[in-house]
There are 2 protein chains.
Amino acid sequence: MSAVQRPRIGIIGTGAIGGFYGLMLARAGFDVHFLLRSEYPAVSTKGLVLKSAVHGALTLNPVQAYNNAADMPRCDWLLVGAKTSSNASLAPAISQVAAEGAKVLLLQNGLAVEDELRPLLPDHLHLLGGLCLICVHRAEAGVIEHQALGTVNIGYHSGPATAEERQQITAAGADMFKTAGVDSMAAAELGQARWQKLVWNVPYNGLSVLLNSGTTGLMANVSSRALIAAIMDEVVAGAGACGYQIPEDFAAKMLKATERMQDYLPSMYHDYAHQRPLELHAIYAAPLAAAAAAGQSMPRIEALYQALQFMDQRNTQG
Amino acid sequence: MSAVQRPRIGIIGTGAIGGFYGLMLARAGFDVHFLLRSEYPAVSTKGLVLKSAVHGALTLNPVQAYNNAADMPRCDWLLVGAKTSSNASLAPAISQVAAEGAKVLLLQNGLAVEDELRPLLPDHLHLLGGLCLICVHRAEAGVIEHQALGTVNIGYHSGPATAEERQQITAAGADMFKTAGVDSMAAAELGQARWQKLVWNVPYNGLSVLLNSGTTGLMANVSSRALIAAIMDEVVAGAGACGYQIPEDFAAKMLKATERMQDYLPSMYHDYAHQRPLELHAIYAAPLAAAAAAGQSMPRIEALYQALQFMDQRNTQG
């Protein structure tokens, strides 16, 4: 594959996720354009810096950075790494930057994020979801710290593709990441992939905020570990009610993998610490609503969600 | 009733509860003796001070204060206001201070506290539980702040009394408090009274710690209010499974009464703030075990308990 045949990539929302994958793709020779808001001054002058425990220290400078979607060239793939809560407000920019038949890939956790964005996008766009198994956070404007992992699991949500084309598109997306040295695979069912990712996100994101602790502390204590396991079981039950069978040993594997990880503070912890709104809608409200509609209650998750709503409202009003 | 006919009262554990009721009884002319540990120096020199929004500023000085049970006279009523977690270690002192056929009244919240103390007491003692509906806390050594309420609901647990004598004893206990200007009544069923009190204690004690908030903040937020109501429903279901029917509108009344209250920080909040161990066994573990034995799960309460165990262990180890 020569550089000229490669798709042009637009990164919408260059936080930790958009920055990490955009930088890796640009470093591999892809033509990557970054749409930024608050970080535009820093990134357009100092570039993007990645401090990675896996890939070492990398700098991308100059960066093809924009603070206005109208200035960007039309892109074939759009990677959306913004918070789920800003998707609706980003829809006009996404539509403007997208080439005809472009692929819009939401690199976001939670449920129903594509369902909510879809009505705001033109029909010719392909909409996909990407679940990122990665430990990464934004240290300061334009500086990203990457602790571990990086796998992107890509599923097709909706758009003009036939069943066969859907497979081609998700495979092409996975190839794009793999070319950039990032592990990736195509998911047959986006809903399944989203629920499986929730098995991790629902307990760890919320409890890191509620109990003010990283993963090591949460796993070291018998009670919080049991709570995490019970919450994971509720996610698995909710997924099952919604038609997604999560393998029986999946939660146990997540627990073990997290125990082996270096201490990690999930994105929700950082959002809370910086008094940013928490992604409670995508990670809690949407799964609770989907499970409830399927007749499945998830009482521990509902309690966690209510406690987090209290904390979020106090945190962002203060 | 003349003063000489009045029972001699011993207060075991003079924190907020023991101090408040002991002072009120002494003020009414009862012969009250206080067993203290860490507060002995302060109370024996400066007396006991009550700052009450209901009764005004009251001082009891001198106080019949002791730092050794062996020095105390034998008492007819023993009021135990210590933390439930110290009952076992206080059993020898209680036994020593008790007159023949004395009444031991545990002024404590939670479940099964009498069951756990009973085997450590001699058979001739009557064991009773008292549920205190009161907003009170210890401001400093020997100084008690009383915001509101005070009712003591007294039930007989075990001892040598016949059914008729049980009624006489609980009625006599209630009369003793009423003589001291404290509202009080005899409960026909101690188990019922304990479960009803848990309807309040289980949500507010734990959530005040978990969410670092007083009652006003917890009631003002739609999410935490809904969580409190859901937790109350679990307590009512647990009580029902254990054979105690709590009136249908009881939880709703508790919510409304709490909304009307001045902002209040429950005792567990103060324990956490002072890095004292939380009373998780009596207020969470014992009700969870009783409900589970009766086939009733209380998932939100279990999750709250696990989160509090994590916080308590970090707090007291730090």
# chains A, B, ... in the order shown; residues from 1 in each chain; ligands from 1
>>> interface_residues(of="chain A", to="chain B", cutoff="9 Å", atoms="only C-alpha atoms", output="count of residues only")
27
>>> select_by_dssp(residues="region 103-276 of chain B", states="strand (DSSP E)", output="ChimeraX atom specification")
/B:103-106,126-140,143-158,184-186
>>> write_last_selection(atoms="N, CA and C atoms", output="short mmCIF file (atom, residue, chain, number, x, y, z; two decimals), in the first residue's frame")
data_model
loop_
_atom_site.label_atom_id
_atom_site.label_comp_id
_atom_site.auth_asym_id
_atom_site.auth_seq_id
_atom_site.Cartn_x
_atom_site.Cartn_y
_atom_site.Cartn_z
N LYS B 103 -31.40 -4.01 84.72
CA LYS B 103 -31.80 -3.89 83.32
C LYS B 103 -30.67 -3.25 82.54
N VAL B 104 -30.21 -3.96 81.52
CA VAL B 104 -29.15 -3.43 80.65
C VAL B 104 -29.81 -2.98 79.35
N LEU B 105 -29.73 -1.69 79.08
CA LEU B 105 -30.43 -1.12 77.92
C LEU B 105 -29.40 -0.63 76.90
N LEU B 106 -29.39 -1.28 75.73
CA LEU B 106 -28.43 -0.89 74.70
C LEU B 106 -29.01 0.24 73.85
N HIS B 126 -31.56 -8.49 82.87
CA HIS B 126 -32.51 -8.25 81.79
C HIS B 126 -31.79 -7.46 80.70
N LEU B 127 -31.94 -7.91 79.47
CA LEU B 127 -31.29 -7.19 78.37
C LEU B 127 -32.36 -6.55 77.49
N LEU B 128 -32.20 -5.26 77.25
CA LEU B 128 -33.18 -4.51 76.45
C LEU B 128 -32.45 -3.70 75.38
N GLY B 129 -33.19 -3.35 74.37
CA GLY B 129 -32.65 -2.46 73.34
C GLY B 129 -33.44 -1.18 73.32
N GLY B 130 -32.75 -0.06 73.06
CA GLY B 130 -33.43 1.23 72.97
C GLY B 130 -33.03 1.92 71.67
N LEU B 131 -34.02 2.23 70.85
CA LEU B 131 -33.76 2.92 69.60
C LEU B 131 -33.99 4.41 69.82
N CYS B 132 -32.94 5.18 69.59
CA CYS B 132 -33.01 6.61 69.88
C CYS B 132 -33.23 7.39 68.59
N LEU B 133 -34.35 8.05 68.52
CA LEU B 133 -34.61 8.94 67.39
C LEU B 133 -34.13 10.32 67.80
N ILE B 134 -32.89 10.63 67.46
CA ILE B 134 -32.28 11.83 68.00
C ILE B 134 -31.19 12.34 67.07
N CYS B 135 -31.04 13.65 67.01
CA CYS B 135 -29.94 14.27 66.26
C CYS B 135 -28.99 14.89 67.27
N VAL B 136 -27.91 14.18 67.52
CA VAL B 136 -27.00 14.60 68.58
C VAL B 136 -25.58 14.18 68.18
N HIS B 137 -24.60 14.96 68.57
CA HIS B 137 -23.22 14.50 68.38
C HIS B 137 -22.31 15.12 69.43
N ARG B 138 -21.18 14.50 69.61
CA ARG B 138 -20.19 14.93 70.58
C ARG B 138 -19.30 15.96 69.90
N ALA B 139 -19.30 17.18 70.42
CA ALA B 139 -18.52 18.25 69.79
C ALA B 139 -17.05 18.18 70.21
N GLU B 140 -16.84 17.93 71.50
CA GLU B 140 -15.49 17.72 72.02
C GLU B 140 -15.63 16.95 73.33
N VAL B 143 -18.52 17.63 75.79
CA VAL B 143 -19.45 18.62 75.22
C VAL B 143 -20.31 17.95 74.14
N ILE B 144 -21.62 18.01 74.34
CA ILE B 144 -22.56 17.34 73.45
C ILE B 144 -23.45 18.39 72.79
N GLU B 145 -23.59 18.27 71.47
CA GLU B 145 -24.51 19.17 70.76
C GLU B 145 -25.74 18.39 70.35
N HIS B 146 -26.88 18.93 70.72
CA HIS B 146 -28.17 18.29 70.46
C HIS B 146 -28.99 19.18 69.53
N GLN B 147 -29.27 18.66 68.33
CA GLN B 147 -30.00 19.47 67.35
C GLN B 147 -31.50 19.33 67.46
N ALA B 148 -31.97 18.06 67.63
CA ALA B 148 -33.41 17.84 67.57
C ALA B 148 -33.76 16.46 68.08
N LEU B 149 -35.04 16.29 68.41
CA LEU B 149 -35.64 15.01 68.77
C LEU B 149 -35.03 14.41 70.04
N GLY B 150 -35.30 13.13 70.28
CA GLY B 150 -34.78 12.50 71.48
C GLY B 150 -35.50 11.22 71.89
N THR B 151 -36.61 10.91 71.23
CA THR B 151 -37.44 9.76 71.60
C THR B 151 -36.64 8.46 71.73
N VAL B 152 -36.90 7.72 72.80
CA VAL B 152 -36.30 6.40 72.98
C VAL B 152 -37.41 5.35 72.92
N ASN B 153 -37.22 4.38 72.05
CA ASN B 153 -38.20 3.32 71.84
C ASN B 153 -37.61 2.04 72.42
N ILE B 154 -38.21 1.53 73.52
CA ILE B 154 -37.58 0.48 74.32
C ILE B 154 -38.24 -0.88 74.12
N GLY B 155 -37.45 -1.88 73.81
CA GLY B 155 -37.98 -3.24 73.69
C GLY B 155 -37.18 -4.23 74.53
N TYR B 156 -37.86 -5.26 75.02
CA TYR B 156 -37.21 -6.27 75.85
C TYR B 156 -36.59 -7.33 74.94
N HIS B 157 -35.36 -7.70 75.21
CA HIS B 157 -34.72 -8.74 74.41
C HIS B 157 -34.74 -10.10 75.10
N SER B 158 -34.13 -10.19 76.30
CA SER B 158 -33.99 -11.50 76.94
C SER B 158 -33.67 -11.33 78.43
N SER B 184 -40.56 8.85 75.26
CA SER B 184 -40.15 7.44 75.24
C SER B 184 -41.38 6.56 75.18
N MET B 185 -41.21 5.37 74.61
CA MET B 185 -42.33 4.42 74.62
C MET B 185 -41.81 3.01 74.61
N ALA B 186 -42.67 2.10 75.04
CA ALA B 186 -42.34 0.68 75.07
C ALA B 186 -42.71 0.07 73.72
#
>>> closest_atom_pairs(of="region 166-227 of chain A", to="region 268-275 of chain A", cutoff="7 Å", atoms="only C-alpha atoms", output="JSON lines")
{"residue": "A:Asn205", "atom": "CA", "partner": "A:Met268", "partner_atom": "CA", "distance": 5.4}
{"residue": "A:Ser208", "atom": "CA", "partner": "A:Tyr269", "partner_atom": "CA", "distance": 5.8}
{"residue": "A:Val209", "atom": "CA", "partner": "A:Tyr269", "partner_atom": "CA", "distance": 5.2}
>>> residues_around(residues="region 41-48 of chain B", least_positions_apart="5", cutoff="10 Å", atoms="only C-alpha atoms", output="NGL selection string")
:B and (14 or 19-20 or 22-23 or 34 or 36 or 58-67 or 140-144)
>>> residues_around(residues="Gly159 (chain B)", least_positions_apart="6", cutoff="12 Å", atoms="only C-alpha atoms", output="MDAnalysis selection string")
chainID B and resid 100:105 114:115 118:119 121:128 165:166 169
>>> write_last_selection(atoms="C-alpha atoms", output="short mmCIF file (atom, residue, chain, number, x, y, z; two decimals), in the first residue's frame")
data_model
loop_
_atom_site.label_atom_id
_atom_site.label_comp_id
_atom_site.auth_asym_id
_atom_site.auth_seq_id
_atom_site.Cartn_x
_atom_site.Cartn_y
_atom_site.Cartn_z
CA GLU B 100 -28.97 -8.30 90.86
CA GLY B 101 -31.74 -8.35 88.25
CA ALA B 102 -30.56 -5.09 86.69
CA LYS B 103 -31.80 -3.89 83.32
CA VAL B 104 -29.15 -3.43 80.65
CA LEU B 105 -30.43 -1.12 77.92
CA GLU B 114 -28.32 -7.95 71.95
CA ASP B 115 -27.87 -11.42 70.44
CA ARG B 118 -26.27 -11.83 75.64
CA PRO B 119 -23.90 -14.83 75.97
CA LEU B 121 -23.79 -11.43 80.44
CA PRO B 122 -25.00 -13.32 83.53
CA ASP B 123 -28.48 -14.84 83.29
CA HIS B 124 -29.98 -12.71 86.06
CA LEU B 125 -29.69 -9.53 83.96
CA HIS B 126 -32.51 -8.25 81.79
CA LEU B 127 -31.29 -7.19 78.37
CA LEU B 128 -33.18 -4.51 76.45
CA GLU B 165 -42.87 -8.58 83.72
CA ARG B 166 -41.38 -7.70 80.35
CA ILE B 169 -39.97 -3.37 82.68
#
>>> select_by_dssp(residues="region 37-149 of chain B", states="helix (DSSP H, G or I)", output="PyMOL selection string")
chain B and resi 40-46+69-71+84-97+113-120
>>> closest_residue(among="B:Asn201, B:Ile11, B:Gln192, B:Ser52", to="Pro247 (chain B)", atoms="only C-alpha atoms")
B:Gln192
